$ cat coords_34.pdb   # PDB, C-alpha atoms
ATOM      1  CA  MET A 151     -16.010 -20.950  25.872  1.00  0.00           C
ATOM      2  CA  THR A 152     -13.337 -23.235  27.196  1.00  0.00           C
ATOM      3  CA  ALA A 153     -10.974 -21.999  29.854  1.00  0.00           C
ATOM      4  CA  ARG A 154      -7.290 -22.280  29.203  1.00  0.00           C
ATOM      5  CA  SER A 155      -5.687 -25.037  31.191  1.00  0.00           C
ATOM      6  CA  GLY A 156      -2.291 -23.352  31.516  1.00  0.00           C
ATOM      7  CA  GLY A 157      -2.006 -20.568  34.048  1.00  0.00           C
ATOM      8  CA  SER A 158       0.307 -18.261  32.089  1.00  0.00           C
ATOM      9  CA  SER A 159      -0.997 -15.338  30.039  1.00  0.00           C
ATOM     10  CA  PRO A 160      -1.424 -15.933  26.289  1.00  0.00           C
ATOM     11  CA  ARG A 161       1.332 -15.016  23.829  1.00  0.00           C
ATOM     12  CA  VAL A 162      -0.191 -12.290  21.662  1.00  0.00           C
ATOM     13  CA  GLU A 163       1.423 -10.394  18.805  1.00  0.00           C
ATOM     14  CA  ALA A 164      -0.169  -8.008  16.300  1.00  0.00           C
ATOM     15  CA  VAL A 165       1.729  -6.409  13.436  1.00  0.00           C
ATOM     16  CA  ILE A 166       0.961  -4.163  10.467  1.00  0.00           C
ATOM     17  CA  SER A 167       3.719  -4.815   7.950  1.00  0.00           C
ATOM     18  CA  ALA A 168       4.872  -3.474   4.605  1.00  0.00           C
ATOM     19  CA  THR A 169       7.007  -6.566   3.974  1.00  0.00           C
ATOM     20  CA  PRO A 170       5.999 -10.136   3.012  1.00  0.00           C
ATOM     21  CA  ILE A 171       4.393 -12.279   5.725  1.00  0.00           C
ATOM     22  CA  ASP A 172       6.641 -14.973   7.196  1.00  0.00           C
ATOM     23  CA  ALA A 173       4.167 -17.792   7.868  1.00  0.00           C
ATOM     24  CA  ALA A 174       6.731 -20.020   9.575  1.00  0.00           C
ATOM     25  CA  ALA A 175       7.628 -17.226  11.998  1.00  0.00           C
ATOM     26  CA  LEU A 176       3.930 -16.746  12.818  1.00  0.00           C
ATOM     27  CA  VAL A 177       3.586 -20.437  13.656  1.00  0.00           C
ATOM     28  CA  ARG A 178       6.783 -20.421  15.725  1.00  0.00           C
ATOM     29  CA  GLY A 179       5.505 -17.397  17.648  1.00  0.00           C
ATOM     30  CA  VAL A 180       2.428 -19.169  18.990  1.00  0.00           C
ATOM     31  CA  SER A 181       3.676 -22.738  19.365  1.00  0.00           C
ATOM     32  CA  GLY A 182       4.422 -24.195  22.753  1.00  0.00           C
ATOM     33  CA  PRO A 183       4.729 -27.607  24.380  1.00  0.00           C
ATOM     34  CA  GLY A 184       1.399 -27.227  26.201  1.00  0.00           C
ATOM     35  CA  GLU A 185      -0.617 -26.835  22.997  1.00  0.00           C
ATOM     36  CA  GLY A 186      -2.162 -29.662  21.024  1.00  0.00           C
ATOM     37  CA  ALA A 187      -3.348 -27.496  18.142  1.00  0.00           C
ATOM     38  CA  VAL A 188      -1.610 -24.841  16.052  1.00  0.00           C
ATOM     39  CA  LEU A 189      -3.631 -23.354  13.203  1.00  0.00           C
ATOM     40  CA  LEU A 190      -2.428 -20.979  10.488  1.00  0.00           C
ATOM     41  CA  PHE A 191      -4.783 -18.929   8.310  1.00  0.00           C
ATOM     42  CA  LEU A 192      -3.487 -17.009   5.294  1.00  0.00           C
ATOM     43  CA  GLY A 193      -5.676 -14.599   3.376  1.00  0.00           C
ATOM     44  CA  THR A 194      -4.266 -14.331  -0.144  1.00  0.00           C
ATOM     45  CA  VAL A 195      -4.843 -12.032  -3.097  1.00  0.00           C
ATOM     46  CA  ARG A 196      -7.195 -13.488  -5.744  1.00  0.00           C
ATOM     47  CA  ASN A 197      -6.491 -12.860  -9.407  1.00  0.00           C
ATOM     48  CA  HIS A 198     -10.189 -12.310 -10.091  1.00  0.00           C
ATOM     49  CA  ASN A 199     -13.087 -10.480  -8.473  1.00  0.00           C
ATOM     50  CA  ARG A 200     -16.647 -10.214  -9.798  1.00  0.00           C
ATOM     51  CA  ASP A 201     -15.607 -11.567 -13.203  1.00  0.00           C
ATOM     52  CA  ARG A 202     -12.770  -9.081 -13.563  1.00  0.00           C
ATOM     53  CA  ARG A 203      -9.113  -9.992 -13.831  1.00  0.00           C
ATOM     54  CA  VAL A 204      -7.125  -8.498 -10.931  1.00  0.00           C
ATOM     55  CA  GLU A 205      -3.514  -7.520 -11.575  1.00  0.00           C
ATOM     56  CA  ARG A 206      -2.632  -6.329  -8.073  1.00  0.00           C
ATOM     57  CA  LEU A 207      -4.002  -4.946  -4.815  1.00  0.00           C
ATOM     58  CA  ASP A 208      -2.847  -1.871  -2.942  1.00  0.00           C
ATOM     59  CA  TYR A 209      -3.517  -1.955   0.803  1.00  0.00           C
ATOM     60  CA  GLU A 210      -3.724   1.248   2.794  1.00  0.00           C
ATOM     61  CA  ALA A 211      -3.934   1.247   6.603  1.00  0.00           C
ATOM     62  CA  PHE A 212      -4.220   3.763   9.385  1.00  0.00           C
ATOM     63  CA  ALA A 213      -1.255   1.878  10.798  1.00  0.00           C
ATOM     64  CA  PRO A 214      -1.115   2.956  14.472  1.00  0.00           C
ATOM     65  CA  MET A 215      -4.840   2.425  14.935  1.00  0.00           C
ATOM     66  CA  ALA A 216      -4.841  -0.802  12.914  1.00  0.00           C
ATOM     67  CA  ARG A 217      -2.075  -2.222  15.096  1.00  0.00           C
ATOM     68  CA  LYS A 218      -4.000  -1.274  18.236  1.00  0.00           C
ATOM     69  CA  GLU A 219      -7.273  -2.757  16.930  1.00  0.00           C
ATOM     70  CA  LEU A 220      -5.529  -5.908  15.755  1.00  0.00           C
ATOM     71  CA  ALA A 221      -3.919  -6.357  19.175  1.00  0.00           C
ATOM     72  CA  ALA A 222      -7.314  -5.810  20.840  1.00  0.00           C
ATOM     73  CA  ILE A 223      -8.941  -8.420  18.568  1.00  0.00           C
ATOM     74  CA  CYS A 224      -6.185 -10.943  19.342  1.00  0.00           C
ATOM     75  CA  GLU A 225      -6.419 -10.293  23.103  1.00  0.00           C
ATOM     76  CA  GLU A 226     -10.203 -10.629  23.023  1.00  0.00           C
ATOM     77  CA  ALA A 227      -9.962 -13.899  21.127  1.00  0.00           C
ATOM     78  CA  ALA A 228      -7.322 -15.264  23.488  1.00  0.00           C
ATOM     79  CA  GLY A 229      -9.597 -14.533  26.440  1.00  0.00           C
ATOM     80  CA  SER A 230     -12.891 -15.651  24.889  1.00  0.00           C
ATOM     81  CA  PHE A 231     -11.673 -18.863  23.248  1.00  0.00           C
ATOM     82  CA  GLY A 232      -8.965 -19.779  25.724  1.00  0.00           C
ATOM     83  CA  LEU A 233      -6.120 -19.543  23.208  1.00  0.00           C
ATOM     84  CA  ALA A 234      -2.564 -19.940  24.446  1.00  0.00           C
ATOM     85  CA  GLY A 235      -1.060 -17.937  21.588  1.00  0.00           C
ATOM     86  CA  VAL A 236      -2.256 -15.562  18.873  1.00  0.00           C
ATOM     87  CA  SER A 237      -0.092 -13.895  16.260  1.00  0.00           C
ATOM     88  CA  ALA A 238      -1.580 -11.820  13.443  1.00  0.00           C
ATOM     89  CA  VAL A 239      -0.054  -9.765  10.628  1.00  0.00           C
ATOM     90  CA  HIS A 240      -1.813  -7.544   8.096  1.00  0.00           C
ATOM     91  CA  ARG A 241       0.016  -6.288   5.035  1.00  0.00           C
ATOM     92  CA  THR A 242       0.139  -2.809   3.588  1.00  0.00           C
ATOM     93  CA  GLY A 243       1.437  -1.754   0.202  1.00  0.00           C
ATOM     94  CA  ARG A 244       1.289  -3.428  -3.209  1.00  0.00           C
ATOM     95  CA  LEU A 245       0.518  -7.148  -3.443  1.00  0.00           C
ATOM     96  CA  ALA A 246       0.408  -9.478  -6.424  1.00  0.00           C
ATOM     97  CA  PRO A 247      -2.110 -12.333  -6.831  1.00  0.00           C
ATOM     98  CA  GLY A 248      -1.151 -15.274  -4.641  1.00  0.00           C
ATOM     99  CA  GLU A 249       0.606 -13.139  -2.022  1.00  0.00           C
ATOM    100  CA  ALA A 250      -0.642 -13.258   1.576  1.00  0.00           C
ATOM    101  CA  SER A 251      -2.314 -10.075   2.787  1.00  0.00           C
ATOM    102  CA  LEU A 252      -3.281 -11.498   6.172  1.00  0.00           C
ATOM    103  CA  GLY A 253      -1.734 -14.126   8.411  1.00  0.00           C
ATOM    104  CA  VAL A 254      -3.284 -15.403  11.639  1.00  0.00           C
ATOM    105  CA  ALA A 255      -1.702 -18.152  13.745  1.00  0.00           C
ATOM    106  CA  VAL A 256      -3.378 -19.459  16.880  1.00  0.00           C
ATOM    107  CA  ALA A 257      -2.446 -22.154  19.367  1.00  0.00           C
ATOM    108  CA  SER A 258      -4.612 -23.885  21.936  1.00  0.00           C
ATOM    109  CA  ALA A 259      -4.697 -27.035  23.980  1.00  0.00           C
ATOM    110  CA  HIS A 260      -7.391 -28.551  21.722  1.00  0.00           C
ATOM    111  CA  ARG A 261      -8.378 -27.987  18.077  1.00  0.00           C
ATOM    112  CA  ASP A 262     -11.935 -26.762  18.634  1.00  0.00           C
ATOM    113  CA  ALA A 263     -10.815 -23.521  20.289  1.00  0.00           C
ATOM    114  CA  ALA A 264      -8.185 -22.988  17.582  1.00  0.00           C
ATOM    115  CA  TYR A 265     -10.696 -23.351  14.708  1.00  0.00           C
ATOM    116  CA  ARG A 266     -13.351 -21.180  16.338  1.00  0.00           C
ATOM    117  CA  GLY A 267     -10.903 -18.547  17.606  1.00  0.00           C
ATOM    118  CA  SER A 268      -9.138 -18.235  14.249  1.00  0.00           C
ATOM    119  CA  ARG A 269     -12.425 -17.800  12.381  1.00  0.00           C
ATOM    120  CA  TRP A 270     -13.611 -15.146  14.841  1.00  0.00           C
ATOM    121  CA  ILE A 271     -10.343 -13.194  14.541  1.00  0.00           C
ATOM    122  CA  VAL A 272     -10.523 -13.118  10.734  1.00  0.00           C
ATOM    123  CA  GLU A 273     -14.165 -11.958  10.757  1.00  0.00           C
ATOM    124  CA  GLU A 274     -13.381  -9.203  13.293  1.00  0.00           C
ATOM    125  CA  ILE A 275     -10.413  -8.041  11.214  1.00  0.00           C
ATOM    126  CA  LYS A 276     -12.696  -7.701   8.188  1.00  0.00           C
ATOM    127  CA  ARG A 277     -15.286  -5.920  10.289  1.00  0.00           C
ATOM    128  CA  ARG A 278     -13.230  -3.318  12.139  1.00  0.00           C
ATOM    129  CA  LEU A 279      -9.572  -3.032  11.117  1.00  0.00           C
ATOM    130  CA  PRO A 280      -8.925   0.398   9.528  1.00  0.00           C
ATOM    131  CA  VAL A 281      -7.506  -1.057   6.308  1.00  0.00           C
ATOM    132  CA  TRP A 282      -8.627  -0.447   2.702  1.00  0.00           C
ATOM    133  CA  LYS A 283      -7.838  -2.161  -0.546  1.00  0.00           C
ATOM    134  CA  ARG A 284      -7.746  -0.858  -4.060  1.00  0.00           C
ATOM    135  CA  GLU A 285      -7.879  -3.279  -6.949  1.00  0.00           C
ATOM    136  CA  ALA A 286      -6.061  -2.728 -10.222  1.00  0.00           C
ATOM    137  CA  TYR A 287      -7.554  -4.595 -13.184  1.00  0.00           C
ATOM    138  CA  ALA A 288      -6.103  -5.984 -16.380  1.00  0.00           C
ATOM    139  CA  ASP A 289      -7.858  -3.261 -18.396  1.00  0.00           C
ATOM    140  CA  GLY A 290      -5.862  -0.558 -16.569  1.00  0.00           C
ATOM    141  CA  THR A 291      -8.674   0.708 -14.327  1.00  0.00           C
ATOM    142  CA  GLU A 292      -8.602   0.755 -10.519  1.00  0.00           C
ATOM    143  CA  ALA A 293     -11.229   0.834  -7.786  1.00  0.00           C
ATOM    144  CA  TRP A 294     -11.488   0.931  -4.008  1.00  0.00           C
ATOM    145  CA  LEU A 295     -13.447  -2.083  -2.867  1.00  0.00           C
ATOM    146  CA  ASP A 296     -16.814  -1.694  -1.157  1.00  0.00           C
ATOM    147  CA  GLY A 297     -16.132  -2.094   2.516  1.00  0.00           C
ATOM    148  CA  HIS A 298     -17.868  -2.923   5.755  1.00  0.00           C
ATOM    149  CA  PRO A 299     -19.169   0.190   7.532  1.00  0.00           C
ATOM    150  CA  THR A 300     -17.661   0.271  11.012  1.00  0.00           C
ATOM    151  CA  GLY A 301     -20.146   2.855  12.154  1.00  0.00           C
ATOM    152  CA  SER A 302     -22.054   5.789  10.762  1.00  0.00           C
ATOM    153  CA  ALA A 303     -21.111   9.400  10.921  1.00  0.00           C
ATOM    154  CA  PRO A 304     -24.002  11.494  12.166  1.00  0.00           C
TER     155      PRO A 304
ATOM    156  CA  MET B  92     -21.966  28.354  24.925  1.00  0.00           C
ATOM    157  CA  SER B  93     -21.853  27.015  28.458  1.00  0.00           C
ATOM    158  CA  ARG B  94     -18.961  27.523  30.832  1.00  0.00           C
ATOM    159  CA  ILE B  95     -18.086  23.819  30.627  1.00  0.00           C
ATOM    160  CA  ALA B  96     -15.821  24.470  27.645  1.00  0.00           C
ATOM    161  CA  ALA B  97     -12.320  25.332  28.757  1.00  0.00           C
ATOM    162  CA  ARG B  98     -11.682  27.368  25.623  1.00  0.00           C
ATOM    163  CA  ASP B  99     -13.822  29.360  23.268  1.00  0.00           C
ATOM    164  CA  THR B 100     -12.548  27.446  20.272  1.00  0.00           C
ATOM    165  CA  ILE B 101     -10.657  24.218  19.719  1.00  0.00           C
ATOM    166  CA  THR B 102      -8.553  23.059  16.783  1.00  0.00           C
ATOM    167  CA  VAL B 103      -8.569  19.414  15.727  1.00  0.00           C
ATOM    168  CA  ASP B 104      -6.423  17.654  13.158  1.00  0.00           C
ATOM    169  CA  VAL B 105      -8.551  15.586  10.758  1.00  0.00           C
ATOM    170  CA  ARG B 106      -7.066  12.722   8.733  1.00  0.00           C
ATOM    171  CA  PHE B 107      -8.605  11.149   5.656  1.00  0.00           C
ATOM    172  CA  PHE B 108      -8.003   7.678   4.272  1.00  0.00           C
ATOM    173  CA  ALA B 109      -8.571   5.750   1.049  1.00  0.00           C
ATOM    174  CA  MET B 110     -11.557   7.036  -0.977  1.00  0.00           C
ATOM    175  CA  LEU B 111     -12.180   9.809   1.551  1.00  0.00           C
ATOM    176  CA  ARG B 112      -8.609  11.038   1.078  1.00  0.00           C
ATOM    177  CA  GLU B 113      -9.154  11.239  -2.663  1.00  0.00           C
ATOM    178  CA  ARG B 114     -12.511  12.956  -2.221  1.00  0.00           C
ATOM    179  CA  ALA B 115     -11.108  15.478   0.261  1.00  0.00           C
ATOM    180  CA  GLY B 116      -8.151  16.176  -2.025  1.00  0.00           C
ATOM    181  CA  GLY B 117      -5.592  15.721   0.747  1.00  0.00           C
ATOM    182  CA  GLU B 118      -4.492  13.596   3.675  1.00  0.00           C
ATOM    183  CA  ARG B 119      -5.414  15.964   6.474  1.00  0.00           C
ATOM    184  CA  CYS B 120      -6.880  19.301   7.405  1.00  0.00           C
ATOM    185  CA  ARG B 121      -7.228  21.435  10.508  1.00  0.00           C
ATOM    186  CA  VAL B 122     -10.671  22.393  11.697  1.00  0.00           C
ATOM    187  CA  GLU B 123     -11.547  25.063  14.215  1.00  0.00           C
ATOM    188  CA  LEU B 124     -14.720  24.472  16.208  1.00  0.00           C
ATOM    189  CA  PRO B 125     -16.446  26.012  19.224  1.00  0.00           C
ATOM    190  CA  GLY B 126     -15.230  24.546  22.522  1.00  0.00           C
ATOM    191  CA  GLY B 127     -17.312  21.583  23.638  1.00  0.00           C
ATOM    192  CA  SER B 128     -18.086  20.502  20.060  1.00  0.00           C
ATOM    193  CA  THR B 129     -18.977  16.864  19.474  1.00  0.00           C
ATOM    194  CA  VAL B 130     -17.957  14.432  16.737  1.00  0.00           C
ATOM    195  CA  ALA B 131     -21.403  15.080  15.217  1.00  0.00           C
ATOM    196  CA  ALA B 132     -20.671  18.807  15.020  1.00  0.00           C
ATOM    197  CA  LEU B 133     -17.348  18.138  13.289  1.00  0.00           C
ATOM    198  CA  CYS B 134     -19.069  15.899  10.733  1.00  0.00           C
ATOM    199  CA  ALA B 135     -21.694  18.567  10.033  1.00  0.00           C
ATOM    200  CA  HIS B 136     -18.911  21.109   9.563  1.00  0.00           C
ATOM    201  CA  LEU B 137     -17.050  18.838   7.126  1.00  0.00           C
ATOM    202  CA  ARG B 138     -20.204  18.194   5.118  1.00  0.00           C
ATOM    203  CA  GLU B 139     -20.650  21.939   4.727  1.00  0.00           C
ATOM    204  CA  ARG B 140     -17.047  22.479   3.705  1.00  0.00           C
ATOM    205  CA  LEU B 141     -16.884  19.452   1.418  1.00  0.00           C
ATOM    206  CA  PRO B 142     -20.317  19.108  -0.197  1.00  0.00           C
ATOM    207  CA  GLU B 143     -19.257  16.044  -2.204  1.00  0.00           C
ATOM    208  CA  PHE B 144     -18.348  14.189   0.965  1.00  0.00           C
ATOM    209  CA  PRO B 145     -19.972  10.757   1.131  1.00  0.00           C
ATOM    210  CA  GLU B 146     -21.941   9.399   4.084  1.00  0.00           C
ATOM    211  CA  GLY B 147     -21.275   6.153   5.875  1.00  0.00           C
ATOM    212  CA  TYR B 148     -17.926   6.587   7.542  1.00  0.00           C
ATOM    213  CA  ALA B 149     -16.878   6.112  11.155  1.00  0.00           C
ATOM    214  CA  VAL B 150     -14.838   8.485  13.266  1.00  0.00           C
ATOM    215  CA  ALA B 151     -11.856   7.693  15.441  1.00  0.00           C
ATOM    216  CA  VAL B 152     -10.467  10.070  18.050  1.00  0.00           C
ATOM    217  CA  GLY B 153      -6.951   9.333  19.183  1.00  0.00           C
ATOM    218  CA  LEU B 154      -6.730   5.776  17.934  1.00  0.00           C
ATOM    219  CA  ALA B 155     -10.170   4.542  19.028  1.00  0.00           C
ATOM    220  CA  TYR B 156     -13.601   4.562  17.391  1.00  0.00           C
ATOM    221  CA  ALA B 157     -15.688   7.366  18.879  1.00  0.00           C
ATOM    222  CA  ALA B 158     -19.450   7.832  19.213  1.00  0.00           C
ATOM    223  CA  SER B 159     -21.202  10.841  17.657  1.00  0.00           C
ATOM    224  CA  ASP B 160     -21.761  12.462  21.066  1.00  0.00           C
ATOM    225  CA  HIS B 161     -18.055  12.226  21.966  1.00  0.00           C
ATOM    226  CA  ILE B 162     -16.835  15.705  22.968  1.00  0.00           C
ATOM    227  CA  LEU B 163     -13.707  16.817  21.143  1.00  0.00           C
ATOM    228  CA  GLU B 164     -10.792  18.488  22.853  1.00  0.00           C
ATOM    229  CA  ASP B 165      -8.242  20.963  21.578  1.00  0.00           C
ATOM    230  CA  GLY B 166      -5.460  19.191  19.681  1.00  0.00           C
ATOM    231  CA  ASP B 167      -7.385  15.948  19.120  1.00  0.00           C
ATOM    232  CA  GLU B 168      -6.288  13.760  16.202  1.00  0.00           C
ATOM    233  CA  VAL B 169      -9.459  12.726  14.417  1.00  0.00           C
ATOM    234  CA  ALA B 170      -9.532  10.075  11.680  1.00  0.00           C
ATOM    235  CA  LEU B 171     -12.400   9.569   9.265  1.00  0.00           C
ATOM    236  CA  ILE B 172     -12.693   5.864   8.619  1.00  0.00           C
ATOM    237  CA  PRO B 173     -14.508   4.905   5.404  1.00  0.00           C
ATOM    238  CA  PRO B 174     -16.029   1.399   5.232  1.00  0.00           C
ATOM    239  CA  VAL B 175     -13.112  -0.977   5.809  1.00  0.00           C
ATOM    240  CA  SER B 176     -11.997  -3.721   3.433  1.00  0.00           C
ATOM    241  CA  GLY B 177      -9.068  -5.453   5.118  1.00  0.00           C
ATOM    242  CA  GLY B 178      -8.362  -9.149   5.103  1.00  0.00           C
TER     243      GLY B 178
END
$ encode --input "coords_34.pdb" --output "structure tokens"
Amino acid sequence: MTARSGGSSPRVEAVISATPIDAAALVRGVSGPGEGAVLLFLGTVRNHNRDRRVERLDYEAFAPMARKELAAICEEAAGSFGLAGVSAVHRTGRLAPGEASLGVAVASAHRDAAYRGSRWIVEEIKRRLPVWKREAYADGTEAWLDGHPTGSAP
Amino acid sequence: MSRIAARDTITVDVRFFAMLRERAGGERCRVELPGGSTVAALCAHLRERLPEFPEGYAVAVGLAYAASDHILEDGDEVALIPPVSGG
């Protein structure tokens, strides 16, 4: 992993939000004159899943723990990949197709760290953030999505 | 019971989320356990009380994932975390 060239500590922000994600604000939050790469990832709601038409998604989070885990993921990524800035937001509540449920902005001196760090953050979020989504389909039915087990109860 | 336990019994607050919340029929419950009980003991207790309870969830104590041999303390906030699907 590349070391960060700047000496200052990385700018890290992690938010669980019930309001729409402001992508421009995420980018502004990580950008700085020392960085040559700023990368924004948005996870958005698909209008289809496994051949079924999706009308909306409801996201539920254990918010205080999710915020803590998200901050830990961002801090880990900043350290491991040498990122100068990381800002991540995960939505809760009801989302329509096309809306962003997840926003991750990273900044680094060079693009390689930004691409690798961003990808790692998104995978870790999917693996361990205490967040659940319930899909509502065009036929009026709803279902919690199969998730990733974060561990096994004994 | 050994003398290690500070109290004879402890009470923990258990929170349920998503499909577990629906299965449990509520957002939270209080559980009384012998002092010195582990996360594993709590899970066994819940399985007895809620026979329909599914397997395959994780447990968080405070706001951090906890191992099955983690010893619970009186007043702990315990969250049952079903498989996550964020992103």
$ residues_around --input "coords_34.pdb" --residues "A:Val177" --least-positions-apart "2" --cutoff "12 Å" --atoms "all atoms listed in the file" --output "PyMOL selection string"
chain A and resi 161+163+171-175+179-182+187-192+235-239+253-257
$ residues_around --input "coords_34.pdb" --residues "A:Arg206" --least-positions-apart "2" --cutoff "8 Å" --atoms "only C-alpha atoms" --output "number ranges by chain"
A: 195, 197, 204, 208, 244-247, 285-287
$ resolve_selection --input "coords_34.pdb" --expression "the PyMOL selection byres ((chain A) within 9 of (chain B))" --output "NGL selection string"
:A and (193-194 or 209-212 or 214-216 or 218-219 or 240-241 or 251-253 or 272-273 or 275-284 or 294-304)
$ residues_around --input "coords_34.pdb" --residues "B:Asp165" --least-positions-apart "5" --cutoff "12 Å" --atoms "all atoms listed in the file" --output "VMD selection string"
chain B and resid 96 to 104 121 to 129 152 to 153
$ axis_aligned_box --input "coords_34.pdb" --around "stretch 136-152 of chain B" --padding-each-side "6 Å" --output "JSON"
{"center_x": -16.2, "center_y": 14.3, "center_z": 7.9, "size_x": 23.5, "size_y": 28.4, "size_z": 32.3}
$ closest_residue --input "coords_34.pdb" --among "A:Leu207, A:Leu176, A:Asp201, A:Ala221" --to "A:Glu249" --atoms "all atoms listed in the file"
A:Leu207
$ closest_residue --input "coords_34.pdb" --among "A:Gly248, A:Gly229, A:Gly290, A:Gly267" --to "A:Arg196" --atoms "all atoms listed in the file"
A:Gly248
$ atom_distance --input "coords_34.pdb" --atom1 "atom CA of A:Leu233" --atom2 "atom CA of A:Pro183"
13.6 Å
$ atom_distance --input "coords_34.pdb" --atom1 "atom CA of A:Pro170" --atom2 "atom CA of A:Ala250"
7.5 Å
$ atom_distance --input "coords_34.pdb" --atom1 "atom CA of B:Val105" --atom2 "atom CA of B:Cys120"
5.3 Å
$ closest_residue --input "coords_34.pdb" --among "A:Arg269, A:Thr242, A:Glu226, A:Phe231" --to "A:Ser167" --atoms "only C-alpha atoms"
A:Thr242
$ closest_residue --input "coords_34.pdb" --among "A:Ser159, A:Glu205, A:Asn199, A:Ala259" --to "A:Thr291" --atoms "all atoms listed in the file"
A:Glu205
